[in-house]
>>> print(open('work_35.txt').read())   # compact mmCIF, C-alpha atoms and all ligand atoms
# COMPACT_ATOMS: atom_id res chain seq x y z
CA MET X 1 87.98 131.22 62.99
CA ASN X 2 88.99 131.92 66.53
CA LYS X 3 86.35 132.96 69.06
CA MET X 4 87.64 134.03 72.43
CA SER X 5 85.96 135.51 75.46
CA ILE X 6 87.72 137.47 78.17
CA VAL X 7 85.97 137.87 81.51
CA GLY X 8 86.91 139.14 84.95
CA ALA X 9 87.58 136.28 87.39
CA GLN X 10 87.20 138.36 90.57
CA TRP X 11 85.15 141.46 91.48
CA GLY X 12 86.03 143.46 88.35
CA ASP X 13 88.91 145.88 87.72
CA GLU X 14 91.26 143.02 86.92
CA GLY X 15 92.73 144.87 83.93
CA LYS X 16 90.53 143.35 81.22
CA GLY X 17 90.78 146.45 78.98
CA LYS X 18 94.52 146.10 78.73
CA VAL X 19 94.33 142.34 78.17
CA VAL X 20 91.67 142.71 75.46
CA ASN X 21 93.76 145.44 73.86
CA TYR X 22 96.81 143.12 73.87
CA PHE X 23 94.88 140.42 71.99
CA SER X 24 92.81 142.75 69.84
CA GLU X 25 95.32 142.93 66.99
CA LYS X 26 94.70 139.25 66.31
CA PHE X 27 90.92 139.66 66.01
CA GLU X 28 88.70 141.24 63.37
CA TRP X 29 85.95 142.10 65.83
CA ILE X 30 85.93 143.09 69.50
CA VAL X 31 82.43 142.66 70.91
CA ARG X 32 81.20 144.00 74.25
CA PHE X 33 78.21 142.01 75.39
CA SER X 34 77.16 143.36 78.80
CA GLY X 35 77.27 146.19 81.32
CA GLY X 36 77.38 149.88 80.66
CA ALA X 37 79.22 152.98 81.77
CA ASN X 38 79.80 151.36 85.18
CA ALA X 39 82.78 149.59 83.58
CA GLY X 40 86.06 151.40 83.08
CA HIS X 41 88.45 149.76 80.65
CA THR X 42 91.82 151.51 80.61
CA ILE X 43 94.13 151.12 77.64
CA TYR X 44 97.40 152.79 76.68
CA TYR X 45 98.31 153.51 73.12
CA LYS X 46 101.47 155.35 72.06
CA GLY X 47 102.01 156.57 75.62
CA ARG X 48 98.49 157.98 75.94
CA LYS X 49 95.90 156.69 78.36
CA TYR X 50 92.30 156.07 77.25
CA VAL X 51 89.59 155.13 79.73
CA ASN X 52 86.58 153.71 77.93
CA HIS X 53 83.35 152.99 79.73
CA MET X 54 81.24 152.11 76.72
CA LEU X 55 83.51 151.31 73.81
CA PRO X 56 84.99 147.89 73.14
CA SER X 57 88.80 147.95 73.56
CA ILE X 58 89.77 147.88 69.87
CA THR X 59 93.30 148.87 68.97
CA PRO X 60 93.99 151.84 66.70
CA ARG X 61 97.00 149.87 65.42
CA SER X 62 95.00 147.37 63.35
CA ASP X 63 91.73 147.81 61.49
CA SER X 64 89.73 145.74 63.98
CA LYS X 65 86.13 146.79 64.52
CA GLY X 66 84.05 147.09 67.67
CA PHE X 67 80.47 145.93 68.29
CA LEU X 68 78.29 147.08 71.20
CA GLY X 69 75.91 144.21 71.86
CA ALA X 70 72.33 144.17 73.08
CA GLY X 71 73.25 142.85 76.53
CA MET X 72 74.70 146.27 77.30
CA VAL X 73 72.87 149.38 78.44
CA LEU X 74 74.00 152.42 76.48
CA ASP X 75 74.89 155.74 78.02
CA LEU X 76 74.77 157.80 74.82
CA GLU X 77 76.37 160.88 76.34
CA LYS X 78 79.40 158.88 77.51
CA LEU X 79 79.54 157.10 74.18
CA VAL X 80 79.68 160.38 72.23
CA ASP X 81 82.34 161.77 74.62
CA GLU X 82 84.54 158.70 74.25
CA LEU X 83 84.24 158.72 70.48
CA ASN X 84 85.16 162.41 70.38
CA VAL X 85 88.32 161.75 72.42
CA LEU X 86 89.34 158.94 70.07
CA GLU X 87 88.41 160.95 66.94
CA ASN X 88 90.73 163.70 68.08
CA ASP X 89 93.71 161.33 68.01
CA PHE X 90 92.55 158.89 65.32
CA PRO X 91 90.26 160.67 62.83
CA GLY X 92 87.66 158.37 61.30
CA ILE X 93 87.91 155.72 64.05
CA SER X 94 84.19 156.08 64.97
CA SER X 95 83.16 154.40 61.73
CA ARG X 96 84.83 151.23 63.05
CA PHE X 97 82.15 150.93 65.75
CA TYR X 98 78.78 149.20 65.27
CA ILE X 99 75.91 149.29 67.74
CA ASP X 100 73.10 146.76 68.03
CA LEU X 101 69.77 148.54 67.47
CA GLU X 102 68.09 146.31 70.07
CA THR X 103 70.24 147.71 72.89
CA PHE X 104 68.48 149.44 75.80
CA LEU X 105 69.39 152.98 76.76
CA VAL X 106 70.32 154.51 80.09
CA LEU X 107 68.10 157.60 80.37
CA PRO X 108 68.74 160.67 82.53
CA TRP X 109 66.08 159.56 85.02
CA HIS X 110 67.87 156.21 85.52
CA LYS X 111 70.83 158.06 87.04
CA GLU X 112 68.48 160.01 89.28
CA GLU X 113 66.76 156.80 90.36
CA ASP X 114 70.12 155.14 91.08
CA GLU X 115 70.94 158.06 93.37
CA ILE X 116 67.51 158.16 95.06
CA ILE X 117 67.35 154.39 95.69
CA GLU X 118 70.97 154.12 96.89
CA ASN X 119 70.34 156.96 99.36
CA MET X 120 67.19 155.24 100.61
CA ARG X 121 68.77 151.79 101.10
CA LYS X 122 69.53 150.91 104.72
CA LYS X 123 72.51 148.98 103.39
CA PRO X 124 73.67 150.68 100.20
CA ILE X 125 75.19 148.50 97.46
CA GLY X 126 77.78 151.13 96.63
CA THR X 127 76.70 151.40 92.98
CA THR X 128 78.57 153.55 90.49
CA ARG X 129 75.41 155.73 90.30
CA ARG X 130 75.54 155.47 86.52
CA GLY X 131 71.91 154.35 86.30
CA ILE X 132 72.79 150.73 85.54
CA GLY X 133 70.41 148.98 87.97
CA PRO X 134 67.39 151.16 87.04
CA ALA X 135 68.07 150.78 83.29
CA TYR X 136 68.18 146.97 83.54
CA THR X 137 65.16 147.04 85.87
CA ASP X 138 63.17 148.96 83.25
CA LYS X 139 64.24 146.50 80.58
CA VAL X 140 62.88 143.61 82.64
CA SER X 141 59.73 145.43 83.71
CA ARG X 142 59.13 146.43 80.06
CA GLU X 143 59.54 150.16 80.54
CA GLY X 144 62.79 150.49 78.61
CA ILE X 145 63.77 152.44 75.51
CA LYS X 146 65.70 150.65 72.78
CA LEU X 147 68.15 152.34 70.48
CA TYR X 148 65.95 151.86 67.42
CA TYR X 149 63.19 154.03 68.92
CA LEU X 150 65.43 157.02 68.20
CA PHE X 151 64.82 156.49 64.50
CA ASP X 152 61.03 156.58 64.85
CA GLU X 153 60.17 159.76 66.72
CA ARG X 154 56.48 158.94 66.90
CA LEU X 155 57.21 155.64 68.62
CA LEU X 156 59.75 157.31 70.91
CA GLU X 157 57.28 159.99 71.98
CA GLU X 158 54.52 157.45 72.60
CA ARG X 159 56.75 155.12 74.67
CA LEU X 160 58.23 157.95 76.71
CA ASP X 161 54.79 159.36 77.40
CA ASN X 162 53.80 156.08 78.97
CA ILE X 163 57.00 155.55 80.88
CA TYR X 164 57.20 159.11 82.18
CA TYR X 165 53.68 158.82 83.56
CA LEU X 166 54.73 155.73 85.53
CA LYS X 167 57.99 157.30 86.73
CA LYS X 168 56.21 160.43 87.91
CA SER X 169 53.60 158.39 89.79
CA GLN X 170 56.43 156.51 91.49
CA TYR X 171 58.82 159.34 92.35
CA GLY X 172 56.70 162.50 92.27
CA GLU X 173 58.66 165.71 92.83
CA LYS X 174 61.84 163.79 93.59
CA LEU X 175 62.31 163.20 89.87
CA LYS X 176 63.79 166.22 88.13
CA SER X 177 64.08 164.99 84.51
CA ASN X 178 60.97 165.35 82.43
CA LYS X 179 59.85 163.75 79.22
CA ASP X 180 60.71 166.69 76.95
CA ASP X 181 64.24 166.95 78.34
CA VAL X 182 64.73 163.24 77.78
CA ILE X 183 63.52 163.47 74.17
CA GLU X 184 65.84 166.40 73.54
CA TYR X 185 68.74 164.54 75.14
CA LEU X 186 68.12 161.46 73.01
CA LEU X 187 67.70 163.26 69.69
CA ASN X 188 70.78 165.32 70.37
CA ALA X 189 72.79 162.15 71.08
CA ARG X 190 71.41 160.55 67.90
CA ASN X 191 72.52 163.55 65.83
CA ASN X 192 75.99 163.49 67.39
CA LEU X 193 76.37 159.79 66.66
CA GLU X 194 75.27 160.39 63.09
CA LYS X 195 77.91 163.10 62.68
CA LEU X 196 80.52 160.70 64.02
CA LYS X 197 79.41 158.16 61.38
CA VAL X 198 78.87 155.32 63.82
CA ASN X 199 77.19 152.24 62.29
CA TYR X 200 74.01 150.56 63.43
CA ALA X 201 73.40 146.87 63.03
CA SER X 202 71.73 143.95 64.70
CA ALA X 203 73.05 140.64 65.95
CA VAL X 204 70.79 139.03 63.34
CA GLU X 205 72.69 140.73 60.54
CA MET X 206 76.03 140.28 62.28
CA GLY X 207 75.63 136.54 62.98
CA LYS X 208 77.02 135.52 59.59
CA VAL X 209 79.80 138.10 59.73
CA PHE X 210 80.93 137.04 63.18
CA ARG X 211 80.83 133.33 62.33
CA SER X 212 83.08 133.81 59.31
CA THR X 213 85.80 135.68 61.14
CA SER X 214 87.71 136.02 64.42
CA VAL X 215 85.86 137.56 67.35
CA LEU X 216 86.98 138.56 70.83
CA PHE X 217 84.10 138.91 73.28
CA GLU X 218 84.99 141.45 75.95
CA GLY X 219 83.25 140.93 79.29
CA ALA X 220 82.65 143.66 81.83
CA GLN X 221 83.03 143.59 85.66
CA GLY X 222 83.84 140.13 87.09
CA VAL X 223 82.20 136.78 87.81
CA LEU X 224 81.69 137.64 91.49
CA LEU X 225 79.64 140.70 90.48
CA ASP X 226 77.40 138.65 88.18
CA LEU X 227 73.70 139.30 88.77
CA ASP X 228 72.80 135.61 89.12
CA PHE X 229 75.87 134.03 90.69
CA GLY X 230 77.87 136.85 92.25
CA THR X 231 77.63 138.00 95.87
CA TYR X 232 73.98 139.08 95.54
CA PRO X 233 72.67 141.70 96.28
CA PHE X 234 76.13 143.30 96.15
CA VAL X 235 76.42 142.72 92.42
CA THR X 236 75.81 144.60 89.22
CA SER X 237 72.63 144.10 87.21
CA SER X 238 73.95 142.16 84.22
CA SER X 239 75.76 138.98 83.27
CA CYS X 240 79.51 139.16 83.84
CA MET X 241 80.22 135.67 82.57
CA ALA X 242 81.10 134.16 79.23
CA HIS X 243 77.52 132.99 78.75
CA GLY X 244 76.62 136.67 78.31
CA VAL X 245 77.66 136.13 74.67
CA SER X 246 74.12 134.81 74.16
CA SER X 247 73.03 138.45 73.94
CA VAL X 248 74.90 138.67 70.63
CA GLY X 249 73.48 135.38 69.40
CA PHE X 250 76.37 133.14 70.42
CA SER X 251 76.59 130.06 72.57
CA THR X 252 79.51 129.37 74.92
CA PHE X 253 79.97 126.11 72.96
CA GLU X 254 81.11 128.23 70.04
CA LEU X 255 83.95 129.74 72.07
CA ASP X 256 87.43 128.30 71.54
CA GLU X 257 88.81 129.92 74.67
CA VAL X 258 87.46 131.65 77.75
CA TYR X 259 90.18 133.58 79.53
CA GLY X 260 89.61 134.68 83.10
CA VAL X 261 91.61 137.72 84.09
CA LEU X 262 92.76 137.93 87.71
CA LYS X 263 94.94 140.26 89.66
CA ALA X 264 97.88 138.84 91.64
CA TYR X 265 95.86 139.96 94.68
CA THR X 266 92.17 140.86 95.01
CA THR X 267 90.23 144.14 94.99
CA ARG X 268 86.61 145.14 95.25
CA VAL X 269 84.77 148.48 95.02
CA GLY X 270 81.48 149.04 96.72
CA GLU X 271 79.93 147.04 99.53
CA GLY X 272 79.56 143.29 99.99
CA PRO X 273 81.46 140.28 101.30
CA PHE X 274 85.19 140.06 100.69
CA PRO X 275 86.67 137.13 102.67
CA THR X 276 90.37 137.93 102.12
CA GLU X 277 90.10 141.69 102.70
CA ILE X 278 93.03 143.33 104.49
CA PHE X 279 93.26 146.73 106.16
CA GLY X 280 95.77 149.19 107.57
CA ASP X 281 99.29 149.77 106.25
CA GLU X 282 99.44 146.50 104.33
CA ALA X 283 96.33 147.42 102.33
CA SER X 284 97.35 151.06 101.87
CA LYS X 285 100.71 150.03 100.47
CA ILE X 286 99.18 147.75 97.82
CA ARG X 287 96.46 150.32 97.05
CA LYS X 288 99.08 152.98 96.44
CA LEU X 289 101.47 150.79 94.44
CA GLY X 290 98.65 149.34 92.36
CA ASN X 291 96.90 152.69 91.98
CA GLU X 292 93.75 151.00 93.19
CA PHE X 293 91.24 153.78 92.69
CA GLY X 294 88.12 153.23 90.54
CA ALA X 295 88.51 154.10 86.83
CA THR X 296 84.82 155.08 86.80
CA THR X 297 84.22 156.70 90.18
CA GLY X 298 87.73 157.34 91.58
CA ARG X 299 86.73 155.50 94.79
CA PRO X 300 89.58 153.77 96.69
CA ARG X 301 89.31 150.04 96.08
CA ARG X 302 89.20 147.56 98.94
CA ILE X 303 92.28 145.32 98.96
CA GLY X 304 92.75 141.63 99.81
CA TRP X 305 95.03 138.65 99.29
CA LEU X 306 94.53 136.27 96.40
CA ASP X 307 91.49 134.09 97.00
CA LEU X 308 91.71 130.62 95.43
CA PRO X 309 88.22 129.39 96.49
CA ALA X 310 86.77 132.45 94.71
CA LEU X 311 88.85 131.67 91.61
CA ARG X 312 87.76 128.02 91.61
CA TYR X 313 84.16 129.23 91.83
CA ALA X 314 84.76 131.64 88.90
CA LYS X 315 86.35 128.85 86.88
CA ILE X 316 83.34 126.57 87.29
CA ARG X 317 80.70 129.26 86.89
CA SER X 318 82.18 130.77 83.77
CA GLY X 319 83.89 127.74 82.19
CA LEU X 320 87.36 129.29 82.20
CA THR X 321 89.85 127.53 79.94
CA GLY X 322 92.84 129.75 80.73
CA LEU X 323 93.98 132.53 83.05
CA VAL X 324 95.76 135.83 82.58
CA ILE X 325 97.33 137.33 85.68
CA THR X 326 97.75 141.10 85.93
CA LYS X 327 99.52 143.54 88.23
CA ALA X 328 102.06 140.90 89.24
CA ASP X 329 104.64 143.68 89.61
CA VAL X 330 102.60 145.41 92.36
CA LEU X 331 103.62 142.72 94.86
CA ASN X 332 107.34 143.13 94.06
CA GLY X 333 109.31 143.58 97.28
CA ILE X 334 106.72 142.12 99.67
CA ASP X 335 108.54 139.60 101.85
CA LYS X 336 105.81 137.06 102.51
CA ILE X 337 102.70 136.74 100.37
CA LYS X 338 99.52 135.20 101.69
CA ILE X 339 97.16 133.12 99.57
CA CYS X 340 93.77 131.90 100.73
CA THR X 341 93.52 128.22 99.82
CA HIS X 342 90.26 127.25 101.58
CA TYR X 343 87.24 128.70 103.32
CA GLU X 344 85.85 127.57 106.61
CA VAL X 345 82.08 127.78 106.09
CA ASN X 346 79.99 127.26 109.23
CA GLY X 347 82.63 124.91 110.64
CA LYS X 348 83.22 123.01 107.37
CA LEU X 349 86.40 123.25 105.30
CA LYS X 350 85.72 123.94 101.62
CA ASP X 351 88.03 124.44 98.66
CA THR X 352 85.23 125.87 96.51
CA PRO X 353 82.13 127.79 97.62
CA SER X 354 79.02 125.69 96.98
CA SER X 355 76.93 128.77 96.36
CA SER X 356 77.30 132.52 96.62
CA TYR X 357 75.99 132.25 100.22
CA ASP X 358 79.37 130.87 101.32
CA PHE X 359 81.11 134.18 100.57
CA PHE X 360 79.05 135.86 103.30
CA VAL X 361 80.15 133.52 106.10
CA ALA X 362 83.56 132.31 104.89
CA LYS X 363 86.59 132.44 107.15
CA PRO X 364 89.71 132.39 104.95
CA ILE X 365 92.46 129.81 105.54
CA TYR X 366 95.85 131.04 104.36
CA ILE X 367 99.27 129.73 103.49
CA GLU X 368 102.32 131.95 103.03
CA LEU X 369 104.71 131.93 100.09
CA ASP X 370 108.04 133.69 99.76
CA GLY X 371 107.82 136.95 97.87
CA TRP X 372 109.94 138.25 95.00
CA THR X 373 111.59 141.55 94.14
CA ASP X 374 111.13 141.19 90.40
CA THR X 375 108.69 139.11 88.35
CA ASN X 376 111.68 137.57 86.54
CA GLU X 377 112.48 135.53 89.65
CA ILE X 378 111.87 131.90 90.48
CA ASN X 379 109.68 132.77 93.51
CA PHE X 380 107.22 134.49 91.22
CA LEU X 381 107.14 131.43 88.99
CA LYS X 382 106.45 129.31 92.10
CA TYR X 383 103.53 131.65 92.91
CA LEU X 384 102.11 131.12 89.41
CA SER X 385 102.61 127.33 89.54
CA PHE X 386 100.88 127.16 92.91
CA ILE X 387 97.86 129.09 91.64
CA GLN X 388 97.40 127.10 88.47
CA GLU X 389 97.77 123.75 90.19
CA GLU X 390 95.31 124.74 92.90
CA VAL X 391 92.73 126.24 90.52
CA GLY X 392 93.22 123.63 87.82
CA VAL X 393 93.60 126.07 84.92
CA ASP X 394 96.84 127.26 83.33
CA ILE X 395 98.01 130.83 83.67
CA ASP X 396 98.92 131.46 80.06
CA TYR X 397 99.80 135.16 80.14
CA ILE X 398 101.33 137.55 82.63
CA SER X 399 100.87 141.32 82.69
CA TYR X 400 103.54 143.19 84.61
CA GLY X 401 102.77 146.88 83.92
CA PRO X 402 100.00 149.14 82.61
CA LYS X 403 101.21 149.43 79.00
CA THR X 404 99.78 147.05 76.42
CA GLU X 405 103.23 145.73 75.54
CA GLU X 406 104.02 144.97 79.22
CA MET X 407 102.62 141.48 78.89
CA CYS X 408 104.14 138.12 77.97
CA SER X 409 103.23 134.48 77.72
CA LYS X 410 104.15 132.19 80.60
CA ASN X 411 106.54 130.29 78.32
CA HIS X 412 108.38 133.51 77.65
CA LEU X 413 108.68 134.18 81.39
CA VAL X 414 109.92 130.64 82.09
CA LEU X 415 112.59 130.94 79.39
CA ASN X 416 113.70 134.30 80.75
CA ILE X 417 114.08 132.94 84.27
CA HIS X 418 115.98 129.86 83.13
CA ARG X 419 118.27 131.96 80.96
CA LYS X 420 119.40 133.96 83.99
P1 LIG D 1 76.35 149.22 89.50
O1 LIG D 1 76.86 148.31 88.44
O2 LIG D 1 76.73 150.66 89.25
O3 LIG D 1 74.90 149.04 89.78
O4 LIG D 1 77.11 148.85 90.87
C1 LIG D 1 76.88 147.61 91.54
C2 LIG D 1 78.16 147.08 92.16
O5 LIG D 1 79.06 146.67 91.13
C3 LIG D 1 78.92 148.12 92.98
O6 LIG D 1 79.56 147.46 94.06
C4 LIG D 1 79.98 148.63 92.03
O7 LIG D 1 81.11 149.16 92.69
C5 LIG D 1 80.31 147.35 91.26
N1 LIG D 1 80.81 147.61 89.91
C6 LIG D 1 80.12 147.98 88.82
N2 LIG D 1 80.92 148.08 87.76
C7 LIG D 1 82.15 147.77 88.17
C8 LIG D 1 83.42 147.65 87.51
O8 LIG D 1 83.57 147.86 86.31
N3 LIG D 1 84.46 147.28 88.29
C9 LIG D 1 84.32 147.00 89.61
N4 LIG D 1 83.17 147.08 90.26
C10 LIG D 1 82.09 147.46 89.55
>>> encode(input="work_35.txt", output="structure tokens", more="lines below")
Ligand code: IMP
Amino acid sequence: MNKMSIVGAQWGDEGKGKVVNYFSEKFEWIVRFSGGANAGHTIYYKGRKYVNHMLPSITPRSDSKGFLGAGMVLDLEKLVDELNVLENDFPGISSRFYIDLETFLVLPWHKEEDEIIENMRKKPIGTTRRGIGPAYTDKVSREGIKLYYLFDERLLEERLDNIYYLKKSQYGEKLKSNKDDVIEYLLNARNNLEKLKVNYASAVEMGKVFRSTSVLFEGAQGVLLDLDFGTYPFVTSSSCMAHGVSSVGFSTFELDEVYGVLKAYTTRVGEGPFPTEIFGDEASKIRKLGNEFGATTGRPRRIGWLDLPALRYAKIRSGLTGLVITKADVLNGIDKIKICTHYEVNGKLKDTPSSSYDFFVAKPIYIELDGWTDTNEINFLKYLSFIQEEVGVDIDYISYGPKTEEMCSKNHLVLNIHRK
């Protein structure tokens, strides 16, 4: 049975939610394996827009189910809000979601810490301030709270007692949340989830289920924001690559396909290196046409030309077997389109960064291609052919608008162009 993973091939916001939603009808399970409410996956269904930060992008059209895996950090308040929005339009849909009991929780003090630490940094990272870094930090330093603690109040109380003592010693009066508020918040969220009839499970129980059926693993953010191999320290705190499926008990060797989603240009939110960044009118025009404002924070995204060295790096790091290009229509009408083919790194020409260090010192080398007015034109096809030959992976699908149905296979596009 087919196992596919979809990951971002740039700095996130490539349109993964829409792409996952497009494929989701063909899969029994959609599994999110990393990140938290820092992600913002936008999908359209029957003309309505849904922005999910926590929920896997299942489609209401089929009876596919969603699993929230232990590599995530759960913001229970956001989760309940998102389920309520969906319940309103699709009653009963919450019972199609399953959550791994091993998953760590984002607690109210994690958001406060995110704020405090960001404000103290000489060079802020530009985090989403959703408490992601502090929640993952607590997981690693063994001060985290797992979902299953909510079902053993004695254990919850004991753990929080310990953790709160440490937090208070660290932050003193700066920390406003206290232990009792956190317990109340958690038990309230638990009761709301129970009312919504969400299911709890573990990857141990789900292993057999997943192996006997089709599963789409939905990544969050993008390879260049990966904690280990992204542009550290300007990264998120989790794995953004296909190998993140290990958190739900899978190996990348079990994946039939790993699709990397890329925009026809590049964007980034927050601080950090961005070799092909552009400014001024050129950037404003693309930002406006592409509605490049964060789905989570509303921040204007930084804009740049397509960056092939970064894509080659993403291909190698995440083992991409195919590409999906999104927002191709945004470049319609631009006369000449630049593509970065190489980096100059400390005087040396490179087609692929050797390590994430190279992104910090890279000088981009560009070529120019003729633009197109419509994606059904030969110049657009030439753009696609150039990218896939240079990166060494086929672009199999093209998305040319925000709606789920505004997507086609490359073969379809080629036939359309030849028919004209
Ligand atoms: P954090 O994940 O909130 O800690 O933020 C760390 C960095 O990752 C910041 O630069 C964020 O803007 C970026 N980031 C986190 N999630 C996303 C996302 O879903 N899309 C794009 N950038 C993101």
>>> residues_near_ligand(input="work_35.txt", ligand="ligand LIG 1 (chain D)", cutoff="7 Å", atoms="only C-alpha atoms and all ligand atoms", output="PyMOL selection string")
chain X and resi 11-13+38-40+125-133+220-221+225+234-237+268-271
>>> closest_residue(input="work_35.txt", among="X:Ile367, X:Leu311, X:Cys240, X:Ile337", to="Val393 (chain X)", atoms="all atoms listed in the file")
X:Leu311
>>> closest_atom_pairs(input="work_35.txt", of="region 6-56 of chain X", to="region 92-97 of chain X", cutoff="10 Å", atoms="only C-alpha atoms", output="tab-separated table")
residue	atom	partner	partner_atom	distance
X:Trp29	CA	X:Arg96	CA	9.6
X:Ile30	CA	X:Phe97	CA	9.5
X:Val31	CA	X:Phe97	CA	9.8
X:Leu55	CA	X:Phe97	CA	8.2
X:Pro56	CA	X:Phe97	CA	8.5
>>> atom_distance(input="work_35.txt", atom1="CA of Glu389 (chain X)", atom2="CA of Cys340 (chain X)")
13.9 Å
>>> residues_near_point(input="work_35.txt", point="(66.4, 141.7, 70.6)", cutoff="12 Å", atoms="all atoms listed in the file", output="short mmCIF file (atom, residue, chain, number, x, y, z; two decimals) with C-alpha atoms, in the coordinates of the input")
data_model
loop_
_atom_site.label_atom_id
_atom_site.label_comp_id
_atom_site.auth_asym_id
_atom_site.auth_seq_id
_atom_site.Cartn_x
_atom_site.Cartn_y
_atom_site.Cartn_z
CA GLY X 69 75.91 144.21 71.86
CA ALA X 70 72.33 144.17 73.08
CA GLY X 71 73.25 142.85 76.53
CA MET X 72 74.70 146.27 77.30
CA ASP X 100 73.10 146.76 68.03
CA LEU X 101 69.77 148.54 67.47
CA GLU X 102 68.09 146.31 70.07
CA THR X 103 70.24 147.71 72.89
CA PHE X 104 68.48 149.44 75.80
CA LYS X 139 64.24 146.50 80.58
CA LYS X 146 65.70 150.65 72.78
CA LEU X 147 68.15 152.34 70.48
CA TYR X 148 65.95 151.86 67.42
CA ALA X 201 73.40 146.87 63.03
CA SER X 202 71.73 143.95 64.70
CA ALA X 203 73.05 140.64 65.95
CA VAL X 204 70.79 139.03 63.34
CA GLU X 205 72.69 140.73 60.54
CA SER X 246 74.12 134.81 74.16
CA SER X 247 73.03 138.45 73.94
CA VAL X 248 74.90 138.67 70.63
CA GLY X 249 73.48 135.38 69.40
#
>>> closest_residue(input="work_35.txt", among="X:Lys285, X:Tyr164, X:Asp307, X:Leu68", to="Leu224 (chain X)", atoms="all atoms listed in the file")
X:Asp307
>>> closest_residue(input="work_35.txt", among="X:Lys403, X:Lys111, X:Lys327, X:Lys315", to="Glu390 (chain X)", atoms="all atoms listed in the file")
X:Lys315
>>> closest_residue(input="work_35.txt", among="X:Tyr149, X:Tyr259, X:Tyr98, X:Tyr136", to="Val223 (chain X)", atoms="all atoms listed in the file")
X:Tyr259
>>> residues_around(input="work_35.txt", residues="Leu193 (chain X)", least_positions_apart="3", cutoff="9 Å", atoms="only C-alpha atoms", output="ChimeraX atom specification")
/X:76,79-80,83,94,188-190,196-199
>>> atom_distance(input="work_35.txt", atom1="CA of Ser385 (chain X)", atom2="CA of Val258 (chain X)")
19.7 Å
>>> residues_around(input="work_35.txt", residues="Gly322 (chain X)", least_positions_apart="6", cutoff="12 Å", atoms="only C-alpha atoms", output="number ranges by chain")
X: 4-9, 256-262, 311, 314-316, 388, 391-398, 409-410
